[in-house]
file query28.csv (CSV, N, CA, C and O atoms)
chain,number,residue,atom,x,y,z
A,1,MET,N,0.9,-1.2,0.0
A,1,MET,CA,0.0,0.0,0.0
A,1,MET,C,0.9,1.2,0.0
A,1,MET,O,1.9,1.3,0.7
A,2,SER,N,0.5,2.2,-0.8
A,2,SER,CA,1.3,3.4,-0.9
A,2,SER,C,1.2,4.2,0.4
A,2,SER,O,0.2,4.1,1.1
A,3,GLN,N,2.1,5.1,0.6
A,3,GLN,CA,2.1,6.0,1.8
A,3,GLN,C,0.9,6.9,1.7
A,3,GLN,O,0.3,7.2,2.8
A,4,ALA,N,0.6,7.4,0.5
A,4,ALA,CA,-0.6,8.3,0.4
A,4,ALA,C,-1.9,7.6,0.8
A,4,ALA,O,-2.7,8.2,1.5
A,5,ARG,N,-2.1,6.4,0.4
A,5,ARG,CA,-3.3,5.7,0.8
A,5,ARG,C,-3.3,5.3,2.2
A,5,ARG,O,-4.4,5.3,2.8
A,6,GLU,N,-2.2,5.1,2.8
A,6,GLU,CA,-2.1,4.8,4.3
A,6,GLU,C,-2.6,6.0,5.1
A,6,GLU,O,-3.2,5.9,6.1
A,7,HIS,N,-2.4,7.2,4.5
A,7,HIS,CA,-2.9,8.5,5.2
A,7,HIS,C,-4.2,8.9,4.7
A,7,HIS,O,-4.6,10.1,5.0
A,8,GLY,N,-4.9,8.1,4.0
A,8,GLY,CA,-6.3,8.5,3.5
A,8,GLY,C,-6.3,9.5,2.4
A,8,GLY,O,-7.4,10.1,2.1
A,9,GLU,N,-5.3,9.7,1.7
A,9,GLU,CA,-5.2,10.6,0.5
A,9,GLU,C,-5.7,9.9,-0.7
A,9,GLU,O,-5.6,8.7,-0.8
A,10,MET,N,-6.2,10.7,-1.7
A,10,MET,CA,-6.7,10.1,-3.0
A,10,MET,C,-5.5,9.7,-3.8
A,10,MET,O,-4.4,10.3,-3.7
A,11,ARG,N,-5.7,8.7,-4.7
A,11,ARG,CA,-4.7,8.4,-5.7
A,11,ARG,C,-4.5,9.5,-6.7
A,11,ARG,O,-5.4,10.2,-7.0
A,12,SER,N,-3.3,9.6,-7.2
A,12,SER,CA,-3.0,10.7,-8.2
A,12,SER,C,-3.8,10.5,-9.5
A,12,SER,O,-4.1,11.5,-10.2
A,13,GLU,N,-4.3,9.3,-9.9
A,13,GLU,CA,-5.0,9.1,-11.1
A,13,GLU,C,-6.5,9.5,-11.0
A,13,GLU,O,-7.1,9.6,-12.0
A,14,TYR,N,-7.0,9.8,-9.9
A,14,TYR,CA,-8.4,10.3,-9.7
A,14,TYR,C,-8.4,11.8,-10.1
A,14,TYR,O,-7.7,12.6,-9.6
A,15,ASP,N,-9.4,12.1,-11.0
A,15,ASP,CA,-9.5,13.5,-11.5
A,15,ASP,C,-10.9,14.0,-11.1
A,15,ASP,O,-11.9,13.6,-11.7
A,16,PHE,N,-11.0,14.9,-10.2
A,16,PHE,CA,-12.3,15.5,-9.8
A,16,PHE,C,-12.4,16.9,-10.3
A,16,PHE,O,-13.2,17.7,-9.7
A,17,SER,N,-11.6,17.3,-11.3
A,17,SER,CA,-11.6,18.7,-11.7
A,17,SER,C,-12.9,19.2,-12.3
A,17,SER,O,-13.2,20.3,-12.3
A,18,LYS,N,-13.7,18.2,-12.8
A,18,LYS,CA,-15.0,18.6,-13.3
A,18,LYS,C,-16.2,18.2,-12.4
A,18,LYS,O,-17.4,18.2,-12.8
A,19,ALA,N,-15.9,17.8,-11.2
A,19,ALA,CA,-16.9,17.4,-10.3
A,19,ALA,C,-17.7,18.5,-9.8
A,19,ALA,O,-17.3,19.7,-9.8
A,20,VAL,N,-19.0,18.3,-9.5
A,20,VAL,CA,-19.9,19.3,-8.9
A,20,VAL,C,-20.2,18.9,-7.5
A,20,VAL,O,-20.8,17.9,-7.2
A,21,ARG,N,-19.8,19.8,-6.6
A,21,ARG,CA,-20.0,19.5,-5.2
A,21,ARG,C,-21.5,19.6,-4.8
A,21,ARG,O,-22.2,20.6,-5.2
A,22,GLY,N,-22.0,18.6,-4.2
A,22,GLY,CA,-23.4,18.6,-3.7
A,22,GLY,C,-24.4,18.4,-4.8
A,22,GLY,O,-25.6,18.7,-4.7
A,23,LYS,N,-24.0,17.8,-5.9
A,23,LYS,CA,-24.9,17.7,-7.1
A,23,LYS,C,-26.2,16.9,-6.7
A,23,LYS,O,-27.3,17.3,-7.2
A,24,HIS,N,-26.1,15.9,-5.9
A,24,HIS,CA,-27.3,15.1,-5.6
A,24,HIS,C,-27.8,15.3,-4.1
A,24,HIS,O,-28.6,14.6,-3.6
A,25,HIS,N,-27.3,16.4,-3.5
A,25,HIS,CA,-27.5,16.6,-2.1
A,25,HIS,C,-29.0,16.7,-1.8
A,25,HIS,O,-29.5,16.1,-0.9
A,26,GLN,N,-29.8,17.6,-2.6
A,26,GLN,CA,-31.2,17.8,-2.3
A,26,GLN,C,-32.0,16.5,-2.4
A,26,GLN,O,-32.9,16.2,-1.6
A,27,ALA,N,-31.7,15.7,-3.4
A,27,ALA,CA,-32.4,14.4,-3.7
A,27,ALA,C,-32.2,13.5,-2.5
A,27,ALA,O,-33.1,12.8,-2.0
A,28,TYR,N,-31.0,13.4,-2.0
A,28,TYR,CA,-30.7,12.5,-0.9
A,28,TYR,C,-31.2,13.0,0.5
A,28,TYR,O,-31.6,12.3,1.3
A,29,ARG,N,-31.4,14.3,0.6
A,29,ARG,CA,-32.0,14.9,1.8
A,29,ARG,C,-33.4,14.5,1.9
A,29,ARG,O,-34.0,14.3,3.0
A,30,GLN,N,-34.1,14.4,0.7
A,30,GLN,CA,-35.5,14.0,0.7
A,30,GLN,C,-35.7,12.5,1.0
A,30,GLN,O,-36.8,12.1,1.2
A,31,GLY,N,-34.6,11.8,1.0
A,31,GLY,CA,-34.7,10.3,1.3
A,31,GLY,C,-34.6,9.5,0.0
A,31,GLY,O,-34.9,10.0,-1.1
A,32,THR,N,-34.2,8.3,0.2
A,32,THR,CA,-34.2,7.3,-0.9
A,32,THR,C,-35.0,6.1,-0.5
A,32,THR,O,-35.3,5.9,0.7
A,33,ASN,N,-35.4,5.4,-1.5
A,33,ASN,CA,-36.2,4.2,-1.2
A,33,ASN,C,-35.7,3.0,-2.0
A,33,ASN,O,-36.5,2.3,-2.7
A,34,VAL,N,-34.5,2.8,-2.0
A,34,VAL,CA,-33.9,1.7,-2.8
A,34,VAL,C,-34.2,0.4,-2.0
A,34,VAL,O,-34.0,0.3,-0.8
A,35,VAL,N,-34.7,-0.5,-2.8
A,35,VAL,CA,-35.0,-1.9,-2.2
A,35,VAL,C,-34.3,-2.9,-3.1
A,35,VAL,O,-34.3,-2.9,-4.3
A,36,LEU,N,-33.6,-3.8,-2.4
A,36,LEU,CA,-32.9,-4.8,-3.1
A,36,LEU,C,-33.7,-6.1,-3.1
A,36,LEU,O,-34.2,-6.6,-2.1
A,37,LEU,N,-33.9,-6.6,-4.3
A,37,LEU,CA,-34.7,-7.8,-4.5
A,37,LEU,C,-33.8,-9.0,-4.5
A,37,LEU,O,-32.7,-9.0,-5.0
A,38,ASP,N,-34.3,-10.1,-3.9
A,38,ASP,CA,-33.5,-11.4,-4.0
A,38,ASP,C,-33.5,-11.8,-5.4
A,38,ASP,O,-34.4,-11.5,-6.2
A,39,PRO,N,-32.5,-12.6,-5.8
A,39,PRO,CA,-32.4,-13.0,-7.2
A,39,PRO,C,-33.6,-13.7,-7.8
A,39,PRO,O,-34.0,-13.5,-8.9
A,40,ASP,N,-34.2,-14.6,-7.0
A,40,ASP,CA,-35.4,-15.3,-7.5
A,40,ASP,C,-36.6,-14.3,-7.8
A,40,ASP,O,-37.3,-14.5,-8.7
A,41,VAL,N,-36.7,-13.3,-7.0
A,41,VAL,CA,-37.8,-12.3,-7.2
A,41,VAL,C,-37.4,-11.4,-8.4
A,41,VAL,O,-38.3,-11.1,-9.2
A,42,ALA,N,-36.2,-11.0,-8.5
A,42,ALA,CA,-35.7,-10.2,-9.6
A,42,ALA,C,-35.9,-10.9,-10.9
A,42,ALA,O,-36.1,-10.2,-11.9
A,43,ALA,N,-35.8,-12.2,-10.9
A,43,ALA,CA,-36.0,-13.0,-12.1
A,43,ALA,C,-37.4,-12.8,-12.7
A,43,ALA,O,-37.7,-12.9,-13.9
A,44,VAL,N,-38.4,-12.6,-11.8
A,44,VAL,CA,-39.8,-12.5,-12.1
A,44,VAL,C,-40.1,-11.1,-12.5
A,44,VAL,O,-40.8,-10.8,-13.5
A,45,PHE,N,-39.7,-10.1,-11.7
A,45,PHE,CA,-40.0,-8.7,-11.9
A,45,PHE,C,-38.7,-8.0,-12.5
A,45,PHE,O,-37.8,-7.7,-11.9
A,46,LYS,N,-38.8,-7.8,-13.8
A,46,LYS,CA,-37.7,-7.3,-14.6
A,46,LYS,C,-37.3,-5.8,-14.4
A,46,LYS,O,-36.2,-5.4,-14.6
A,47,ASP,N,-38.3,-5.1,-13.9
A,47,ASP,CA,-38.1,-3.6,-13.8
A,47,ASP,C,-39.0,-3.0,-12.7
A,47,ASP,O,-39.9,-3.7,-12.2
A,48,SER,N,-38.8,-1.8,-12.4
A,48,SER,CA,-39.6,-1.1,-11.4
A,48,SER,C,-41.1,-1.0,-11.7
A,48,SER,O,-42.0,-1.1,-10.8
A,49,VAL,N,-41.4,-0.9,-13.0
A,49,VAL,CA,-42.8,-0.9,-13.4
A,49,VAL,C,-43.5,-2.2,-13.0
A,49,VAL,O,-44.6,-2.1,-12.5
A,50,ALA,N,-42.9,-3.3,-13.3
A,50,ALA,CA,-43.5,-4.6,-12.9
A,50,ALA,C,-43.6,-4.7,-11.4
A,50,ALA,O,-44.7,-5.2,-10.9
A,51,VAL,N,-42.6,-4.3,-10.6
A,51,VAL,CA,-42.7,-4.4,-9.2
A,51,VAL,C,-43.8,-3.5,-8.6
A,51,VAL,O,-44.6,-3.9,-7.8
A,52,ASN,N,-43.9,-2.3,-9.1
A,52,ASN,CA,-44.9,-1.3,-8.6
A,52,ASN,C,-46.3,-1.8,-9.0
A,52,ASN,O,-47.2,-1.7,-8.2
A,53,SER,N,-46.5,-2.4,-10.2
A,53,SER,CA,-47.8,-2.9,-10.6
A,53,SER,C,-48.2,-4.0,-9.7
A,53,SER,O,-49.4,-4.1,-9.2
A,54,ALA,N,-47.3,-4.9,-9.4
A,54,ALA,CA,-47.7,-6.1,-8.5
A,54,ALA,C,-48.0,-5.6,-7.1
A,54,ALA,O,-48.9,-6.1,-6.5
A,55,LEU,N,-47.2,-4.7,-6.6
A,55,LEU,CA,-47.4,-4.2,-5.2
A,55,LEU,C,-48.8,-3.4,-5.1
A,55,LEU,O,-49.5,-3.6,-4.2
A,56,ARG,N,-49.1,-2.7,-6.2
A,56,ARG,CA,-50.4,-2.0,-6.2
A,56,ARG,C,-51.5,-2.9,-6.2
A,56,ARG,O,-52.5,-2.8,-5.4
A,57,ASP,N,-51.4,-4.0,-7.0
A,57,ASP,CA,-52.5,-5.0,-7.1
A,57,ASP,C,-52.6,-5.7,-5.7
A,57,ASP,O,-53.7,-5.9,-5.2
A,58,TRP,N,-51.5,-6.1,-5.1
A,58,TRP,CA,-51.5,-6.7,-3.8
A,58,TRP,C,-52.1,-5.8,-2.7
A,58,TRP,O,-52.9,-6.2,-1.9
A,59,ALA,N,-51.7,-4.5,-2.8
A,59,ALA,CA,-52.3,-3.6,-1.8
A,59,ALA,C,-53.8,-3.4,-1.9
A,59,ALA,O,-54.5,-3.4,-0.9
A,60,LYS,N,-54.3,-3.3,-3.1
A,60,LYS,CA,-55.7,-3.2,-3.3
A,60,LYS,C,-56.5,-4.5,-2.8
A,60,LYS,O,-57.5,-4.4,-2.1
A,61,ALA,N,-55.9,-5.6,-3.2
A,61,ALA,CA,-56.6,-6.9,-2.7
A,61,ALA,C,-56.5,-7.0,-1.2
A,61,ALA,O,-57.5,-7.4,-0.6
A,62,ALA,N,-55.4,-6.7,-0.6
A,62,ALA,CA,-55.3,-6.8,0.9
A,62,ALA,C,-56.2,-5.8,1.6
A,62,ALA,O,-56.8,-6.2,2.6
A,63,THR,N,-56.4,-4.6,1.0
A,63,THR,CA,-57.2,-3.6,1.6
A,63,THR,C,-58.7,-4.1,1.5
A,63,THR,O,-59.5,-4.0,2.5
A,64,ARG,N,-59.1,-4.6,0.4
A,64,ARG,CA,-60.5,-5.0,0.2
A,64,ARG,C,-60.8,-6.2,1.0
A,64,ARG,O,-61.8,-6.3,1.7
A,65,SER,N,-59.9,-7.2,1.1
A,65,SER,CA,-60.2,-8.4,1.8
A,65,SER,C,-60.2,-8.2,3.3
A,65,SER,O,-61.0,-8.9,4.0
A,66,ALA,N,-59.4,-7.3,3.8
A,66,ALA,CA,-59.4,-7.1,5.2
A,66,ALA,C,-60.3,-5.9,5.7
A,66,ALA,O,-60.5,-5.7,6.9
A,67,GLY,N,-60.8,-5.2,4.7
A,67,GLY,CA,-61.6,-4.0,5.0
A,67,GLY,C,-60.7,-3.0,5.8
A,67,GLY,O,-61.2,-2.3,6.6
A,68,ALA,N,-59.5,-3.1,5.5
A,68,ALA,CA,-58.5,-2.2,6.3
A,68,ALA,C,-58.5,-0.8,5.8
A,68,ALA,O,-58.8,-0.5,4.6
A,69,ARG,N,-58.2,0.1,6.7
A,69,ARG,CA,-57.9,1.5,6.3
A,69,ARG,C,-56.5,1.7,6.4
A,69,ARG,O,-55.8,1.1,7.3
A,70,PRO,N,-55.9,2.7,5.7
A,70,PRO,CA,-54.5,3.0,5.8
A,70,PRO,C,-54.2,3.5,7.2
A,70,PRO,O,-55.0,4.1,7.8
A,71,ASN,N,-53.0,3.1,7.7
A,71,ASN,CA,-52.5,3.6,9.0
A,71,ASN,C,-52.3,5.1,8.9
A,71,ASN,O,-51.9,5.6,8.0
A,72,ARG,N,-52.6,5.7,10.0
A,72,ARG,CA,-52.4,7.1,10.1
A,72,ARG,C,-51.5,7.5,11.2
A,72,ARG,O,-51.2,6.9,12.1

call {"tool": "encode", "arguments": {"input": "query28.csv", "output": "structure tokens"}}
result
Amino acid sequence: MSQAREHGEMRSEYDFSKAVRGKHHQAYRQGTNVVLLDPDVAAVFKDSVAVNSALRDWAKAATRSAGARPNR
């Protein structure tokens, strides 16, 4: 390991000259909702549209069958 890396310094080949500080700051302040799917589930639901559709259908069915109201 180089001496620079031992002291927590960046490698010389990294170029941040065109970087924008805080570019995604506001989006992350609002929160993120990343969900990791297990491989077998991901094999069935190929994209977020498919996942969202299935979850909406499930939520409607669960609400109807239980006569449930959303939590407040």

call {"tool": "atom_distance", "arguments": {"input": "query28.csv", "atom1": "atom O of Gln26 of chain A", "atom2": "atom N of Ser48 of chain A"}}
result
21.8 Å

call {"tool": "atom_distance", "arguments": {"input": "query28.csv", "atom1": "atom CA of Arg56 of chain A", "atom2": "atom CA of Gln30 of chain A"}}
result
22.9 Å

call {"tool": "atom_distance", "arguments": {"input": "query28.csv", "atom1": "atom CA of Leu55 of chain A", "atom2": "atom CA of Ala42 of chain A"}}
result
13.9 Å

call {"tool": "decode", "arguments": {"input": "query28.csv", "residues": "segment 56-67 of chain A", "atoms": "all heavy atoms", "output": "short mmCIF file (atom, residue, chain, number, x, y, z; two decimals), in the first residue's frame"}}
result
data_model
loop_
_atom_site.label_atom_id
_atom_site.label_comp_id
_atom_site.auth_asym_id
_atom_site.auth_seq_id
_atom_site.Cartn_x
_atom_site.Cartn_y
_atom_site.Cartn_z
N ARG A 56 -49.09 -2.67 -6.16
CA ARG A 56 -50.38 -1.96 -6.15
C ARG A 56 -51.54 -2.95 -6.17
O ARG A 56 -52.53 -2.78 -5.44
CB ARG A 56 -50.48 -1.01 -7.34
CG ARG A 56 -49.66 0.24 -7.16
CD ARG A 56 -49.88 1.23 -8.30
NE ARG A 56 -49.00 2.37 -8.13
CZ ARG A 56 -47.87 2.55 -8.81
NH1 ARG A 56 -47.50 1.68 -9.73
NH2 ARG A 56 -47.11 3.60 -8.57
N ASP A 57 -51.45 -3.98 -7.02
CA ASP A 57 -52.49 -5.00 -7.07
C ASP A 57 -52.63 -5.70 -5.72
O ASP A 57 -53.73 -5.92 -5.22
CB ASP A 57 -52.20 -6.04 -8.16
CG ASP A 57 -52.37 -5.48 -9.56
OD1 ASP A 57 -52.98 -4.40 -9.71
OD2 ASP A 57 -51.87 -6.13 -10.50
N TRP A 58 -51.49 -6.05 -5.12
CA TRP A 58 -51.51 -6.72 -3.82
C TRP A 58 -52.12 -5.81 -2.75
O TRP A 58 -52.94 -6.24 -1.94
CB TRP A 58 -50.09 -7.11 -3.40
CG TRP A 58 -50.04 -7.68 -2.03
CD1 TRP A 58 -50.31 -8.96 -1.66
CD2 TRP A 58 -49.74 -6.95 -0.84
NE1 TRP A 58 -50.18 -9.08 -0.30
CE2 TRP A 58 -49.84 -7.86 0.23
CE3 TRP A 58 -49.40 -5.64 -0.56
CZ2 TRP A 58 -49.62 -7.49 1.55
CZ3 TRP A 58 -49.19 -5.27 0.74
CH2 TRP A 58 -49.29 -6.20 1.79
N ALA A 59 -51.75 -4.53 -2.75
CA ALA A 59 -52.26 -3.59 -1.76
C ALA A 59 -53.77 -3.42 -1.89
O ALA A 59 -54.49 -3.38 -0.88
CB ALA A 59 -51.55 -2.25 -1.89
N LYS A 60 -54.28 -3.33 -3.11
CA LYS A 60 -55.73 -3.22 -3.32
C LYS A 60 -56.45 -4.46 -2.81
O LYS A 60 -57.47 -4.37 -2.13
CB LYS A 60 -56.04 -3.03 -4.80
CG LYS A 60 -55.72 -1.67 -5.32
CD LYS A 60 -56.01 -1.59 -6.82
CE LYS A 60 -55.48 -0.31 -7.42
NZ LYS A 60 -55.66 -0.28 -8.88
N ALA A 61 -55.93 -5.63 -3.15
CA ALA A 61 -56.56 -6.87 -2.72
C ALA A 61 -56.52 -7.01 -1.20
O ALA A 61 -57.50 -7.42 -0.57
CB ALA A 61 -55.87 -8.07 -3.38
N ALA A 62 -55.40 -6.67 -0.59
CA ALA A 62 -55.27 -6.79 0.86
C ALA A 62 -56.21 -5.83 1.56
O ALA A 62 -56.82 -6.17 2.58
CB ALA A 62 -53.82 -6.51 1.27
N THR A 63 -56.35 -4.62 1.02
CA THR A 63 -57.24 -3.63 1.63
C THR A 63 -58.70 -4.06 1.51
O THR A 63 -59.46 -3.96 2.47
CB THR A 63 -57.04 -2.26 0.96
OG1 THR A 63 -55.68 -1.88 1.11
CG2 THR A 63 -57.91 -1.20 1.58
N ARG A 64 -59.08 -4.58 0.35
CA ARG A 64 -60.47 -5.04 0.16
C ARG A 64 -60.79 -6.23 1.04
O ARG A 64 -61.83 -6.26 1.68
CB ARG A 64 -60.69 -5.42 -1.30
CG ARG A 64 -60.98 -4.26 -2.21
CD ARG A 64 -61.48 -4.76 -3.55
NE ARG A 64 -60.49 -5.59 -4.20
CZ ARG A 64 -59.76 -5.23 -5.25
NH1 ARG A 64 -59.94 -4.05 -5.78
NH2 ARG A 64 -58.88 -6.04 -5.77
N SER A 65 -59.91 -7.21 1.08
CA SER A 65 -60.22 -8.44 1.82
C SER A 65 -60.22 -8.23 3.33
O SER A 65 -60.97 -8.89 4.05
CB SER A 65 -59.24 -9.55 1.44
OG SER A 65 -57.95 -9.25 1.90
N ALA A 66 -59.42 -7.31 3.79
CA ALA A 66 -59.36 -7.08 5.23
C ALA A 66 -60.27 -5.94 5.68
O ALA A 66 -60.47 -5.74 6.87
CB ALA A 66 -57.92 -6.77 5.64
N GLY A 67 -60.79 -5.20 4.70
CA GLY A 67 -61.58 -4.04 5.05
C GLY A 67 -60.74 -3.03 5.80
O GLY A 67 -61.23 -2.25 6.61
#
